[in-house]
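Novice: final-v3.tsv (TSV, C-alpha atoms) pasted underneath:
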chain	number	residue	atom	x	y	z
A	1041	MET	CA	113.49	89.79	116.65
A	1042	VAL	CA	116.76	91.57	116.11
A	1043	VAL	CA	117.31	93.24	112.75
A	1044	LYS	CA	120.91	93.58	111.65
A	1045	ASP	CA	122.12	97.18	111.49
A	1046	GLU	CA	122.78	96.85	107.76
A	1047	GLU	CA	119.09	95.98	107.21
A	1048	LEU	CA	117.66	99.10	108.82
A	1049	PRO	CA	118.22	101.31	105.74
A	1050	TYR	CA	116.00	98.96	103.69
A	1051	LEU	CA	113.29	99.17	106.33
A	1052	ARG	CA	113.62	102.95	106.56
A	1053	ARG	CA	113.18	103.07	102.78
A	1054	CYS	CA	109.96	101.06	103.21
A	1055	VAL	CA	108.69	103.71	105.62
A	1056	GLU	CA	109.66	106.42	103.10
A	1057	LEU	CA	107.75	104.57	100.37
A	1058	ALA	CA	104.74	104.24	102.69
A	1059	THR	CA	104.94	108.00	103.23
A	1060	GLU	CA	105.03	108.52	99.44
A	1061	ALA	CA	101.89	106.38	99.14
A	1062	LEU	CA	100.18	108.44	101.84
A	1063	GLU	CA	101.16	111.70	100.14
A	1064	ALA	CA	99.68	110.34	96.90
A	1065	GLY	CA	96.38	109.71	98.69
A	1066	ASP	CA	96.90	106.00	99.17
A	1067	GLU	CA	97.17	103.64	102.12
A	1068	PRO	CA	100.66	103.83	103.65
A	1069	PHE	CA	102.53	100.68	102.67
A	1070	GLY	CA	105.94	100.37	101.04
A	1071	SER	CA	108.24	97.49	100.17
A	1072	VAL	CA	111.77	96.90	98.88
A	1073	LEU	CA	113.12	93.77	97.15
A	1074	VAL	CA	116.79	93.15	97.95
A	1075	GLY	CA	118.95	90.57	96.21
A	1076	GLY	CA	121.14	88.07	97.98
A	1077	ASP	CA	124.11	90.39	97.37
A	1078	GLY	CA	122.39	93.30	99.18
A	1079	ALA	CA	121.51	95.24	96.02
A	1080	VAL	CA	118.09	96.87	95.85
A	1081	LEU	CA	116.37	95.22	92.89
A	1082	ALA	CA	112.95	96.87	92.95
A	1083	GLU	CA	110.67	98.87	95.22
A	1084	ASP	CA	107.08	100.00	95.26
A	1085	HIS	CA	104.32	101.47	97.40
A	1086	ASN	CA	100.60	100.91	97.68
A	1087	ARG	CA	98.51	101.90	94.66
A	1088	VAL	CA	95.04	100.72	95.69
A	1089	ALA	CA	93.52	104.21	95.49
A	1090	SER	CA	93.24	103.53	91.74
A	1091	GLY	CA	90.37	101.16	92.56
A	1092	ASP	CA	92.37	97.96	92.07
A	1093	ARG	CA	92.66	96.59	95.61
A	1094	THR	CA	95.34	94.08	94.48
A	1095	ARG	CA	97.92	96.82	93.85
A	1096	HIS	CA	99.89	96.07	97.01
A	1097	PRO	CA	103.67	96.61	96.78
A	1098	GLU	CA	104.46	93.07	97.96
A	1099	PHE	CA	102.29	91.60	95.20
A	1100	GLU	CA	103.92	93.87	92.61
A	1101	LEU	CA	107.40	92.81	93.78
A	1102	ALA	CA	106.43	89.14	93.53
A	1103	ARG	CA	105.27	89.71	89.95
A	1104	TRP	CA	108.41	91.70	89.12
A	1105	SER	CA	110.66	88.99	90.54
A	1106	ALA	CA	108.92	86.26	88.55
A	1107	ALA	CA	109.55	88.22	85.34
A	1108	HIS	CA	113.13	89.32	86.05
A	1109	LEU	CA	114.86	86.85	88.36
A	1110	THR	CA	115.86	83.21	88.18
A	1111	PRO	CA	114.40	80.83	90.75
A	1112	GLU	CA	117.75	80.86	92.56
A	1113	GLU	CA	117.86	84.66	92.66
A	1114	ARG	CA	114.29	84.80	93.97
A	1115	ALA	CA	115.08	82.30	96.74
A	1116	ALA	CA	118.11	84.37	97.82
A	1117	ALA	CA	116.16	87.66	97.86
A	1118	THR	CA	114.54	89.37	100.84
A	1119	VAL	CA	111.39	91.49	100.80
A	1120	TYR	CA	111.53	94.31	103.35
A	1121	THR	CA	108.17	95.89	103.99
A	1122	SER	CA	106.44	98.41	106.22
A	1123	GLY	CA	103.65	95.96	107.07
A	1124	GLU	CA	103.41	92.20	107.22
A	1125	HIS	CA	102.11	90.71	103.98
A	1126	CYS	CA	98.37	90.18	103.69
A	1127	PRO	CA	97.25	86.65	102.70
A	1128	MET	CA	97.15	87.57	98.99
A	1129	CYS	CA	100.70	88.92	99.05
A	1130	ALA	CA	102.00	86.07	101.23
A	1131	ALA	CA	100.61	83.57	98.72
A	1132	ALA	CA	102.17	85.42	95.76
A	1133	HIS	CA	105.49	85.57	97.62
A	1134	ALA	CA	105.44	81.81	98.22
A	1135	TRP	CA	104.19	80.90	94.73
A	1136	VAL	CA	107.06	82.72	92.99
A	1137	GLY	CA	109.61	81.31	95.45
A	1138	LEU	CA	110.88	84.49	97.05
A	1139	GLY	CA	113.07	84.17	100.13
A	1140	ARG	CA	112.80	85.88	103.48
A	1141	ILE	CA	110.33	88.59	104.58
A	1142	VAL	CA	111.22	91.29	107.12
A	1143	TYR	CA	108.39	93.59	108.17
A	1144	VAL	CA	108.16	96.64	110.43
A	1145	ALA	CA	104.58	96.18	111.71
A	1146	SER	CA	102.67	92.92	112.04
A	1147	SER	CA	99.18	92.20	110.76
A	1148	ALA	CA	98.06	91.91	114.39
A	1149	GLN	CA	99.41	95.38	115.14
A	1150	LEU	CA	97.68	96.83	112.09
A	1151	VAL	CA	94.35	95.24	113.00
A	1152	GLN	CA	94.66	96.67	116.51
A	1153	TRP	CA	95.57	100.15	115.24
A	1154	LEU	CA	92.73	100.23	112.72
A	1155	GLY	CA	90.27	99.00	115.33
A	1156	GLN	CA	91.31	101.82	117.64
A	1157	LEU	CA	90.65	104.26	114.80
A	1158	GLY	CA	87.20	102.77	114.13
A	1159	VAL	CA	88.12	101.52	110.66
A	1160	PRO	CA	85.77	98.72	109.49
A	1161	ALA	CA	87.30	95.26	109.14
A	1162	ALA	CA	88.78	94.35	105.76
A	1163	PRO	CA	86.97	91.83	103.54
A	1164	VAL	CA	89.92	89.41	103.92
A	1165	ARG	CA	91.05	88.17	107.32
A	1166	ALA	CA	94.47	89.39	108.43
A	1167	LEU	CA	96.55	86.24	108.88
A	1168	PRO	CA	100.21	85.99	109.77
A	1169	VAL	CA	102.38	85.08	106.78
A	1170	ARG	CA	103.33	81.80	108.49
A	1171	GLU	CA	99.69	80.67	108.34
A	1172	VAL	CA	99.52	81.27	104.59
A	1173	ALA	CA	103.07	80.37	103.56
A	1174	PRO	CA	104.54	78.22	106.34
A	1175	ASP	CA	107.91	77.64	104.65
A	1176	VAL	CA	108.76	81.31	104.18
A	1177	VAL	CA	111.22	82.73	106.69
A	1178	VAL	CA	109.52	85.72	108.32
A	1179	GLU	CA	110.98	88.23	110.74
A	1180	GLY	CA	109.28	91.13	112.46
A	1181	PRO	CA	108.00	93.34	113.87
A	1182	VAL	CA	110.74	95.95	114.17
A	1183	PRO	CA	109.85	98.03	117.25
A	1184	GLU	CA	112.28	100.88	116.50
A	1185	LEU	CA	110.29	101.78	113.35
A	1186	ALA	CA	106.77	100.56	114.22
A	1187	GLU	CA	105.63	103.86	115.72
A	1188	GLU	CA	106.48	105.66	112.46
A	1189	VAL	CA	104.27	103.22	110.55
A	1190	HIS	CA	101.53	103.59	113.17
A	1191	ALA	CA	101.65	107.38	112.75
A	1192	LEU	CA	101.24	107.02	108.96
A	1193	HIS	CA	98.11	104.92	109.43
A	1194	ARG	CA	96.70	107.45	111.90
A	1195	ARG	CA	97.28	110.23	109.36
A	1196	PHE	CA	95.68	108.26	106.54
A	1197	HIS	CA	92.54	107.30	108.45
A	1198	ARG	CA	92.05	110.74	110.00
A	1199	GLN	CA	92.16	112.58	106.67
Step by step, read the file and then write its structure as structure tokens.

Specialist:
Amino acid sequence: MVVKDEELPYLRRCVELATEALEAGDEPFGSVLVGGDGAVLAEDHNRVASGDRTRHPEFELARWSAAHLTPEERAAATVYTSGEHCPMCAAAHAWVGLGRIVYVASSAQLVQWLGQLGVPAAPVRALPVREVAPDVVVEGPVPELAEEVHALHRRFHRQ
């Protein structure tokens, strides 16, 4: 997969947001919602440390888009994210009719990294977005940023 040069700043912002989540004591995930015109519409990072395991940034952006964008605007938007959507977030993305997803690290990469760190398996199977939402255009991983995301997960799970 080749990411356009003009998309890398959005992905770098996702890594920054993941770092903010980590610094707040949360799992390192961050996402940015970008409109069809290239404007950043909303962004968020993981907030599951509160005890609500549904507080993923991709899920929050899906909710935000449903409340603030027309169906046409949602379809033209792209969600950039540090990690491929989990099944819950992929379903929310598809249900609200958001457009493309571009992720830095895949679910398969994350599962491998966490396994190497001895982290127990999650209660929900990690599935590629295409298995949950087959009509969503998905692009990733982005190798030039994946090691930064990997390092954030190592830091989180070694704390």

Novice: Write out as a PyMOL selection string the residues lying within 9 Å of range 1154-1170 of chain A, counting all atoms listed in the file and excluding same-chain residues fewer than 5 positions away.

Specialist: chain A and resi 1124-1131+1141+1146-1149+1175-1178+1193-1194+1197-1198

Novice: Nearest residue to Arg1053 in chain A out of A:Ala1191, A:Ala1107, A:Ala1102, A:Val1144, using all atoms listed in the file?

Specialist: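 The closest residue to Arg1053 in chain A is A:Val1144.
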
Novice: Can you tell me which residues surround Gly1065 in chain A at a distance of at most 12 Å, considering only C-alpha atoms, apart from same-chain residues fewer than 6 positions away, and format the answer as a list of chain:residue names?

Specialist: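 Within the cut-off, the hits are A:Ala1058, A:Thr1059, A:His1085, A:Asn1086, A:Arg1087, A:Val1088, A:Ala1089, A:Ser1090, A:Leu1192, A:His1193, A:Arg1195, A:Phe1196, A:His1197, A:Gln1199.
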
Novice: Which of these residues is nearest to Val1043 in chain A, using only C-alpha atoms: A:Tyr1120, A:Phe1069, A:Trp1135, A:Trp1153?

Specialist: A:Tyr1120

Novice: Please determine, counting all atoms listed in the file, which residue among A:Pro1068, A:Pro1111, A:Gly1091, A:Pro1097 has the shortest atom-to-atom distance to Gly1137 in chain A.

Specialist: A:Pro1111

Novice: Show which residues sit within 9 Å of Gly1139 in chain A, as a list in words. Count all atoms listed in the file, and ignore same-chain residues fewer than 4 positions away.

Specialist: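 Residues near the query, excluding close chain neighbours: Glu1113, Arg1114, Ala1115, Ala1116, Ala1117, Thr1118, Val1119, His1133, Ala1134, Val1176 and Val1177 of chain A.
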
Novice: Rank nothing, just name the residue among A:Trp1104, A:Thr1121, A:Val1074, A:Val1136 nearest to Leu1057 in chain A, using only C-alpha atoms.

Specialist: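 Smallest separation from Leu1057 in chain A among the options: A:Thr1121.
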
Novice: Here is a test: counting only C-alpha atoms, which residue of A:Val1182, A:Val1189, A:Ala1064, A:Leu1073 is nearest to Asp1045 in chain A?

Specialist: A:Val1182

Novice: Which distance in Å separates CA of Leu1062 in chain A and CA of Arg1095 in chain A, to one decimal?

Specialist: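 CA of Leu1062 in chain A sits 14.3 Å away from CA of Arg1095 in chain A.
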
Novice: Taking all atoms listed in the file into account, name the residue in A:Gly1070, A:Pro1174, A:Gly1123, A:Gly1078 that is nearest to Val1151 in chain A.

Specialist: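 For Val1151 in chain A, the nearest of the given residues is A:Gly1123.
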
Novice: Rounded to one decimal place, report the CA of Asp1077 in chain A-CA of Tyr1143 in chain A distance in Å.

Specialist: 19.3 Å

Novice: Quote the spacing between CA of Phe1099 in chain A and CA of Ser1071 in chain A in Å to one decimal place.

Specialist: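 Separation between CA of Phe1099 in chain A and CA of Ser1071 in chain A: 9.7 Å.
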
Novice: Would you place a box with edges along x, y and z of the file around all atoms of range 1091-1098 of chain A listed there, add 4 Å to each of its six sides, and report the centre and edge lengths in Å to one decimal, as lines of an AutoDock Vina configuration file?

Specialist:
center_x = 97.4
center_y = 97.1
center_z = 95.0
size_x = 22.1
size_y = 16.1
size_z = 13.9
